[in-house]
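Trainee: Sharing a structure here in structure tokens format.
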There are 2 protein chains.
Amino acid sequence: MKIICKKSDLVHGVSIVSKAVSNKTTLPILECILIEAEAGTITFTANDMELGIETIIEGNIIEQGKIALDAKLFSEIVRKLPDNDVTIQTDQDFKAIITCEKACFHIIGQEGTEFPYLPEIEKEQSITLSQFSLKEIIRQTIFSISDNDNAKLMTGELFEVKDNQLSVVSLDGHRISIRKLELKGNYDDFKVVVPGKTLQEIVKIISGETEDEVSIYVTAKHILFEFDNTKVVSRLLEGEYYKISQMLSSDYETKVVINKKEFLNCIDRASLLIRESDKKPIIINITDHSLELSISSFFGSMEENIMIQKEGRDLLIGFNPKFLMDVLRVIDDEEIHIYFVNPKAPCFIRDDAGTYTYLILPVNFNH
Amino acid sequence: MKIICKKSDLVHGVSIVSKAVSNKTTLPILECILIEAEAGTITFTANDMELGIETIIEGNIIEQGKIALDAKLFSEIVRKLPDNDVTIQTDQDFKAIITCEKACFHIIGQEGTEFPYLPEIEKEQSITLSQFSLKEIIRQTIFSISDNDNAKLMTGELFEVKDNQLSVVSLDGHRISIRKLELKGNYDDFKVVVPGKTLQEIVKIISGETEDEVSIYVTAKHILFEFDNTKVVSRLLEGEYYKISQMLSSDYETKVVINKKEFLNCIDRASLLIRESDKKPIIINITDHSLELSISSFFGSMEENIMIQKEGRDLLIGFNPKFLMDVLRVIDDEEIHIYFVNPKAPCFIRDDAGTYTYLILPVNFNH
């Protein structure tokens, strides 16, 4: 194999596929990037058997072929080369010579044929949306997945298409996040659970521009994201996702309209007095026109008032401050609406259009 | 005590004195910042018994007094307050109430009288230079101090004033760094060894502007840096510093003039093939007009040529790449001059004006 590519194109390609390189594996080939120069196309592939990424690189093929190179070493070399044309040449013993200007590296590769290819995905069920929307939807829900492998489905997100509306749901036993998006086009209904890790890597790769699109294809076992010159294939999580409809109620006893930034900064200040371990709740006292937040811990105490609009009853309720902050950080609205029933029932933060709904369980406290 | 200060002034003051707050100590008072409001001046002080910092804060004194507050907690609270006037009020039980807009924190402090004050420094021997020069001199020498506490003097830097010239020297047994600066003014000669940690904190605090000055005072045991509204006092390291004059020779067999950036980038690339543990040297082969750098390790091999101007003999010599890179990173000149004697003797990197001299020991290698 012999190819000539621009350094910047190599760096871009390596940074995309590196997201699927295995960190700890007993199969050394999974620590490699596969470089293939065939049929006029240069392709980089990485695959940790859960997540696989393939991307096409600009460049000239002088001689066809393929080789698998250690991802970490290849990526470091490519990044540190001068900003110019780079030649990658291999011989029958899988030695690779990487040259750029006067610099010349010799490294040992592995036979490309041993590399596990990405599974072929039948392109039957699909949706298309902007990279911007996909990035936003993931950002606004990913924080409430669980990292506990004992409840495997909680480590992923539900992607459900119904009546041309996409709903994305995550939950961890203390809270639920739901984001809805009207799709432009006619699509078949489907329902899959995508691993959280896949989504975390996808947001790093997609551009987030409104004019760039991403197509999503699903089968019984896999999901494929196709965008620009890149394909990302991931296994799905198997099993029936949690039924959340019975947890969602639109009844409430107290409704609060509050400035998001003021509320977030106030909780952020209050949580200075808490260490992860002591699990102190913040106490929220809602009366007409005013929300008083207070906290008391080993380190001291703090209280602060925020002006609000209120409907319904007065209420005293406690929360884990992190759960409130996680939600407030991802909402872009200046004012938010919070709905409460009583001090033992979850509160809801949602907009009138129904694009987002966040449910948070309160915490018991002594007063 | 009751004072009113701008949030930004408090943040600035806290960030300065925090550099001298003790991290691990058996004396809890050393984890505090002392706030004193007396004689029309608000002062913050921190002191870990090696290094002490005192700075004056703008603000109004409503009631005189002093209190010691936990540095970490106080600093976090101050940073997270709204950007407005902050009132700090204390009572007889050393409780502090910190209020800003509608936020109100209560924290427990300690009696200020227990706090260890900075030692009084007799202002006899002194020099004055710009903050820019001090920052540059430290940056260009601090990398070659040792972190080995067994050779205590190597963990500091020699500051020597002689004939109105300041010399700063650091060494770690493998290399020596020397920076010289002509002082503007007439000063007495002196010679002290300043702890590396003190210098590392000083560069974080001083502005680095050419028009801002810093005055340095020394006694037998202490050094005082005075600038802006701030005083930094540090203990000195005791003992006779190493005699380096006999190691410095101006004889050479080979002189090389090389582009600094090209040389640095080339070594940087080569060192990709080395892991900290395997201590592989880079091999430099100097011939007419060309310096060839090569390295060979478990991970692969690399070679690269750089155009040079050369005087004297050809030479083959090995170096720890880190030692060369450390020096090349801090030199601002575009072209540097390197002087060699033989493959066993140190090389010298120095400018014609003698403002900097770096000595680096070579490494043995098999070829």
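Residue numbers start at 1 in each chain; chains themselves are named A, B, ... in the order of the structure tokens; ligands are numbered from 1 in the order shown.
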Using only C-alpha atoms, find each residue of chain A with at least one atom at most 6 Å away from an atom of chain B; report its shortest atom-to-atom pair and that distance in Å (one decimal), sort the rows by chain and rising residue number, and return the result as a Markdown table.
Mentor:
| residue | atom | partner | partner_atom | distance |
| --- | --- | --- | --- | --- |
| A:Lys80 | CA | B:Arg269 | CA | 5.7 |
| A:Lys102 | CA | B:Glu304 | CA | 5.4 |
| A:Ala103 | CA | B:Glu304 | CA | 4.4 |
| A:Cys104 | CA | B:Glu303 | CA | 5.4 |
| A:Phe105 | CA | B:Met302 | CA | 4.3 |
| A:His106 | CA | B:Ser301 | CA | 5.1 |
| A:Ile107 | CA | B:Gly300 | CA | 4.5 |
| A:Arg269 | CA | B:Lys80 | CA | 5.7 |
| A:Gly300 | CA | B:Ile107 | CA | 4.5 |
| A:Ser301 | CA | B:His106 | CA | 5.1 |
| A:Met302 | CA | B:Phe105 | CA | 4.3 |
| A:Glu303 | CA | B:Cys104 | CA | 5.4 |
| A:Glu304 | CA | B:Ala103 | CA | 4.5 |
| A:Asn305 | CA | B:Lys102 | CA | 5.9 |
Trainee: Could you write those residues out with all heavy atoms, as a CSV table (one decimal), in the first residue's frame?
Mentor:
chain,number,residue,atom,x,y,z
A,80,LYS,N,2.1,15.1,15.1
A,80,LYS,CA,3.4,15.9,15.3
A,80,LYS,C,4.1,16.1,14.0
A,80,LYS,O,5.2,16.7,14.0
A,80,LYS,CB,4.2,15.1,16.3
A,80,LYS,CG,3.6,15.1,17.7
A,80,LYS,CD,4.5,15.6,18.8
A,80,LYS,CE,3.7,16.0,20.1
A,80,LYS,NZ,4.4,15.8,21.3
A,102,LYS,N,11.3,16.1,5.8
A,102,LYS,CA,12.6,15.3,6.0
A,102,LYS,C,12.4,14.3,7.1
A,102,LYS,O,13.4,13.6,7.5
A,102,LYS,CB,13.7,16.2,6.3
A,102,LYS,CG,14.2,17.0,5.1
A,102,LYS,CD,15.4,17.9,5.5
A,102,LYS,CE,15.6,19.0,4.5
A,102,LYS,NZ,16.4,20.0,5.2
A,103,ALA,N,11.2,14.2,7.8
A,103,ALA,CA,11.0,13.3,8.9
A,103,ALA,C,10.6,11.9,8.3
A,103,ALA,O,9.7,11.9,7.4
A,103,ALA,CB,10.0,13.8,9.8
A,104,CYS,N,11.1,10.8,8.9
A,104,CYS,CA,10.8,9.5,8.4
A,104,CYS,C,10.6,8.5,9.6
A,104,CYS,O,11.6,8.3,10.3
A,104,CYS,CB,11.9,9.1,7.4
A,104,CYS,SG,11.7,7.4,6.8
A,105,PHE,N,9.4,8.0,9.7
A,105,PHE,CA,9.1,7.0,10.8
A,105,PHE,C,9.0,5.6,10.2
A,105,PHE,O,8.4,5.5,9.2
A,105,PHE,CB,7.8,7.4,11.5
A,105,PHE,CG,7.9,8.5,12.5
A,105,PHE,CD1,7.7,9.8,12.2
A,105,PHE,CD2,8.1,8.2,13.9
A,105,PHE,CE1,7.8,10.8,13.1
A,105,PHE,CE2,8.2,9.2,14.8
A,105,PHE,CZ,8.0,10.5,14.4
A,106,HIS,N,9.5,4.6,11.0
A,106,HIS,CA,9.3,3.2,10.6
A,106,HIS,C,8.6,2.6,11.8
A,106,HIS,O,9.1,2.6,12.9
A,106,HIS,CB,10.6,2.5,10.5
A,106,HIS,CG,11.5,3.1,9.4
A,106,HIS,ND1,11.7,2.5,8.2
A,106,HIS,CD2,12.2,4.2,9.4
A,106,HIS,CE1,12.6,3.3,7.5
A,106,HIS,NE2,12.9,4.3,8.2
A,107,ILE,N,7.4,2.1,11.5
A,107,ILE,CA,6.7,1.4,12.6
A,107,ILE,C,6.1,0.0,12.1
A,107,ILE,O,5.9,-0.2,10.9
A,107,ILE,CB,5.6,2.2,13.3
A,107,ILE,CG1,4.5,2.6,12.3
A,107,ILE,CG2,6.1,3.4,14.0
A,107,ILE,CD1,3.3,3.3,13.0
A,269,ARG,N,-24.3,28.1,44.4
A,269,ARG,CA,-23.7,28.7,45.6
A,269,ARG,C,-24.0,27.9,46.8
A,269,ARG,O,-23.1,27.6,47.6
A,269,ARG,CB,-24.3,30.1,45.8
A,269,ARG,CG,-23.7,31.2,45.1
A,269,ARG,CD,-24.1,32.6,45.6
A,269,ARG,NE,-25.4,33.0,45.2
A,269,ARG,CZ,-25.7,33.5,44.0
A,269,ARG,NH1,-24.7,33.7,43.1
A,269,ARG,NH2,-26.9,33.9,43.7
A,300,GLY,N,-21.5,25.2,57.5
A,300,GLY,CA,-22.1,26.5,57.7
A,300,GLY,C,-23.5,26.4,57.1
A,300,GLY,O,-24.1,25.4,56.8
A,301,SER,N,-24.1,27.6,57.0
A,301,SER,CA,-25.5,27.6,56.4
A,301,SER,C,-25.6,28.8,55.4
A,301,SER,O,-24.8,29.7,55.4
A,301,SER,CB,-26.5,27.8,57.5
A,301,SER,OG,-26.3,29.1,58.2
A,302,MET,N,-26.6,28.7,54.6
A,302,MET,CA,-26.8,29.7,53.6
A,302,MET,C,-28.3,29.8,53.3
A,302,MET,O,-29.0,28.8,53.3
A,302,MET,CB,-26.0,29.3,52.3
A,302,MET,CG,-26.1,30.2,51.2
A,302,MET,SD,-27.4,29.8,50.0
A,302,MET,CE,-26.9,30.8,48.6
A,303,GLU,N,-28.8,31.0,53.0
A,303,GLU,CA,-30.1,31.2,52.5
A,303,GLU,C,-30.2,32.3,51.5
A,303,GLU,O,-29.3,33.2,51.5
A,303,GLU,CB,-31.2,31.4,53.6
A,303,GLU,CG,-31.1,32.7,54.4
A,303,GLU,CD,-30.2,32.6,55.6
A,303,GLU,OE1,-29.9,31.5,56.1
A,303,GLU,OE2,-29.7,33.7,56.1
A,304,GLU,N,-31.1,32.2,50.6
A,304,GLU,CA,-31.3,33.2,49.5
A,304,GLU,C,-32.7,33.2,49.0
A,304,GLU,O,-33.3,32.1,48.9
A,304,GLU,CB,-30.3,32.9,48.4
A,304,GLU,CG,-30.3,33.9,47.3
A,304,GLU,CD,-29.0,33.9,46.4
A,304,GLU,OE1,-28.1,33.1,46.6
A,304,GLU,OE2,-29.1,34.6,45.4
A,305,ASN,N,-33.2,34.4,48.7
A,305,ASN,CA,-34.5,34.5,48.1
A,305,ASN,C,-34.5,34.8,46.6
A,305,ASN,O,-33.7,35.6,46.2
A,305,ASN,CB,-35.2,35.7,48.8
A,305,ASN,CG,-36.0,35.3,50.0
A,305,ASN,OD1,-37.0,34.7,49.9
A,305,ASN,ND2,-35.4,35.6,51.1
Trainee: Would you please extract all strand (DSSP E or B) residues from region 141-284 of chain B, as assigned by DSSP on the backbone, and give them as a PyMOL selection string?
Mentor: chain B and resi 156-162+165-171+175-182+190-195+213-218+222-227+230-235+237+254-259+282-284
Trainee: When all Cα positions are paired in order and chain A is fitted onto chain B, what RMSD is left, to one decimal?
Mentor: 0.0 Å
Trainee: Fewer than 2 positions away in the same chain doesn't count, so skip those; otherwise give me all residues within 9 Å of Tyr217 (chain A), counting only C-alpha atoms, as a PyMOL selection string.
Mentor: chain A and resi 121-128+215+219+222-226
Trainee: Just the selected residues (C-alpha atoms), exported as a short mmCIF file (atom, residue, chain, number, x, y, z; two decimals), in the first residue's frame, please.
Mentor:
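The result, written out as result.cif:
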data_model
loop_
_atom_site.label_atom_id
_atom_site.label_comp_id
_atom_site.auth_asym_id
_atom_site.auth_seq_id
_atom_site.Cartn_x
_atom_site.Cartn_y
_atom_site.Cartn_z
CA ILE A 121 -26.74 -2.65 8.28
CA GLU A 122 -29.88 -3.13 6.19
CA LYS A 123 -31.14 0.36 5.45
CA GLU A 124 -34.84 -0.23 6.05
CA GLN A 125 -36.01 1.84 9.02
CA SER A 126 -34.47 5.28 9.13
CA ILE A 127 -34.86 8.93 10.06
CA THR A 128 -32.93 12.03 9.01
CA SER A 215 -29.25 9.76 8.86
CA THR A 219 -32.09 -3.00 12.78
CA HIS A 222 -27.70 -2.30 15.59
CA ILE A 223 -27.97 1.42 14.97
CA LEU A 224 -26.07 3.21 12.18
CA PHE A 225 -25.40 6.95 12.11
CA GLU A 226 -24.36 8.19 8.66
#
Trainee: Got a sec: who's within 12 Å of Pro119 (chain B), counting only C-alpha atoms, leaving out chain neighbours fewer than 4 positions off, as a PDB file with N, CA, C and O atoms, in the first residue's frame?
Mentor:
ATOM      1  N   ASN B  47      -0.098  31.911  55.243  1.00  0.00           N
ATOM      2  CA  ASN B  47       1.266  31.597  55.657  1.00  0.00           C
ATOM      3  C   ASN B  47       1.373  30.109  55.941  1.00  0.00           C
ATOM      4  O   ASN B  47       0.694  29.600  56.829  1.00  0.00           O
ATOM      5  N   MET B  49       4.278  28.776  56.754  1.00  0.00           N
ATOM      6  CA  MET B  49       5.501  28.765  57.562  1.00  0.00           C
ATOM      7  C   MET B  49       6.772  28.686  56.713  1.00  0.00           C
ATOM      8  O   MET B  49       7.866  28.946  57.214  1.00  0.00           O
ATOM      9  N   GLU B  50       6.660  28.336  55.412  1.00  0.00           N
ATOM     10  CA  GLU B  50       7.801  28.425  54.488  1.00  0.00           C
ATOM     11  C   GLU B  50       7.621  29.688  53.657  1.00  0.00           C
ATOM     12  O   GLU B  50       8.549  30.442  53.421  1.00  0.00           O
ATOM     13  N   LEU B  51       6.374  29.867  53.198  1.00  0.00           N
ATOM     14  CA  LEU B  51       6.021  30.956  52.304  1.00  0.00           C
ATOM     15  C   LEU B  51       4.845  31.709  52.930  1.00  0.00           C
ATOM     16  O   LEU B  51       3.902  31.094  53.402  1.00  0.00           O
ATOM     17  N   GLY B  52       4.932  33.038  52.943  1.00  0.00           N
ATOM     18  CA  GLY B  52       3.829  33.831  53.471  1.00  0.00           C
ATOM     19  C   GLY B  52       3.490  34.945  52.504  1.00  0.00           C
ATOM     20  O   GLY B  52       4.382  35.543  51.897  1.00  0.00           O
ATOM     21  N   ILE B  53       2.198  35.213  52.319  1.00  0.00           N
ATOM     22  CA  ILE B  53       1.790  36.267  51.395  1.00  0.00           C
ATOM     23  C   ILE B  53       0.769  37.175  52.089  1.00  0.00           C
ATOM     24  O   ILE B  53      -0.130  36.702  52.784  1.00  0.00           O
ATOM     25  N   GLU B  54       0.919  38.473  51.843  1.00  0.00           N
ATOM     26  CA  GLU B  54       0.050  39.476  52.453  1.00  0.00           C
ATOM     27  C   GLU B  54      -0.335  40.432  51.333  1.00  0.00           C
ATOM     28  O   GLU B  54       0.519  40.855  50.555  1.00  0.00           O
ATOM     29  N   THR B 219      17.565  38.871  53.686  1.00  0.00           N
ATOM     30  CA  THR B 219      18.269  38.842  54.970  1.00  0.00           C
ATOM     31  C   THR B 219      18.985  37.495  55.023  1.00  0.00           C
ATOM     32  O   THR B 219      18.980  36.756  54.030  1.00  0.00           O
ATOM     33  N   LYS B 221      18.076  34.821  56.473  1.00  0.00           N
ATOM     34  CA  LYS B 221      17.157  33.677  56.471  1.00  0.00           C
ATOM     35  C   LYS B 221      15.982  33.828  55.510  1.00  0.00           C
ATOM     36  O   LYS B 221      15.295  32.853  55.217  1.00  0.00           O
ATOM     37  N   HIS B 222      15.706  35.053  55.072  1.00  0.00           N
ATOM     38  CA  HIS B 222      14.470  35.282  54.322  1.00  0.00           C
ATOM     39  C   HIS B 222      14.680  36.107  53.061  1.00  0.00           C
ATOM     40  O   HIS B 222      15.650  36.851  52.941  1.00  0.00           O
ATOM     41  N   ILE B 223      13.714  35.978  52.148  1.00  0.00           N
ATOM     42  CA  ILE B 223      13.658  36.858  50.986  1.00  0.00           C
ATOM     43  C   ILE B 223      12.252  37.442  50.934  1.00  0.00           C
ATOM     44  O   ILE B 223      11.270  36.757  51.248  1.00  0.00           O
ATOM     45  N   LEU B 224      12.167  38.723  50.590  1.00  0.00           N
ATOM     46  CA  LEU B 224      10.868  39.402  50.508  1.00  0.00           C
ATOM     47  C   LEU B 224      10.718  39.975  49.106  1.00  0.00           C
ATOM     48  O   LEU B 224      11.604  40.670  48.610  1.00  0.00           O
ATOM     49  N   LYS B 231       3.002  41.577  49.487  1.00  0.00           N
ATOM     50  CA  LYS B 231       4.315  41.174  49.999  1.00  0.00           C
ATOM     51  C   LYS B 231       4.378  39.652  50.026  1.00  0.00           C
ATOM     52  O   LYS B 231       3.467  39.017  50.569  1.00  0.00           O
ATOM     53  N   VAL B 232       5.446  39.080  49.473  1.00  0.00           N
ATOM     54  CA  VAL B 232       5.655  37.640  49.548  1.00  0.00           C
ATOM     55  C   VAL B 232       6.956  37.407  50.302  1.00  0.00           C
ATOM     56  O   VAL B 232       8.011  37.898  49.887  1.00  0.00           O
ATOM     57  N   VAL B 233       6.879  36.682  51.425  1.00  0.00           N
ATOM     58  CA  VAL B 233       8.073  36.396  52.214  1.00  0.00           C
ATOM     59  C   VAL B 233       8.326  34.906  52.188  1.00  0.00           C
ATOM     60  O   VAL B 233       7.400  34.114  52.359  1.00  0.00           O
ATOM     61  N   SER B 234       9.565  34.510  51.939  1.00  0.00           N
ATOM     62  CA  SER B 234       9.884  33.086  51.914  1.00  0.00           C
ATOM     63  C   SER B 234      11.153  32.839  52.718  1.00  0.00           C
ATOM     64  O   SER B 234      12.047  33.677  52.764  1.00  0.00           O
ATOM     65  N   ARG B 235      11.205  31.682  53.348  1.00  0.00           N
ATOM     66  CA  ARG B 235      12.469  31.232  53.929  1.00  0.00           C
ATOM     67  C   ARG B 235      13.453  30.979  52.806  1.00  0.00           C
ATOM     68  O   ARG B 235      13.068  30.614  51.701  1.00  0.00           O
TER      69      ARG B 235
END
Trainee: Work out how far apart CA of Thr90 (chain B) and CA of Asn285 (chain A) are and give it in Å to one decimal.
Mentor: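 Separation between CA of Thr90 (chain B) and CA of Asn285 (chain A): 27.2 Å.
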Trainee: Calculated over only C-alpha atoms, which of the candidates B:Ser22, B:Asn342, B:Ser130, B:Ser8 has the smallest distance to Ile216 (chain B)?
Mentor: B:Ser130
Trainee: Considering only C-alpha atoms, can you say which of B:Asn259, B:Thr210, B:Thr254, B:Gln89 comes closest to Tyr339 (chain B)?
Mentor: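 Result for the nearest residue to Tyr339 (chain B): B:Thr254.
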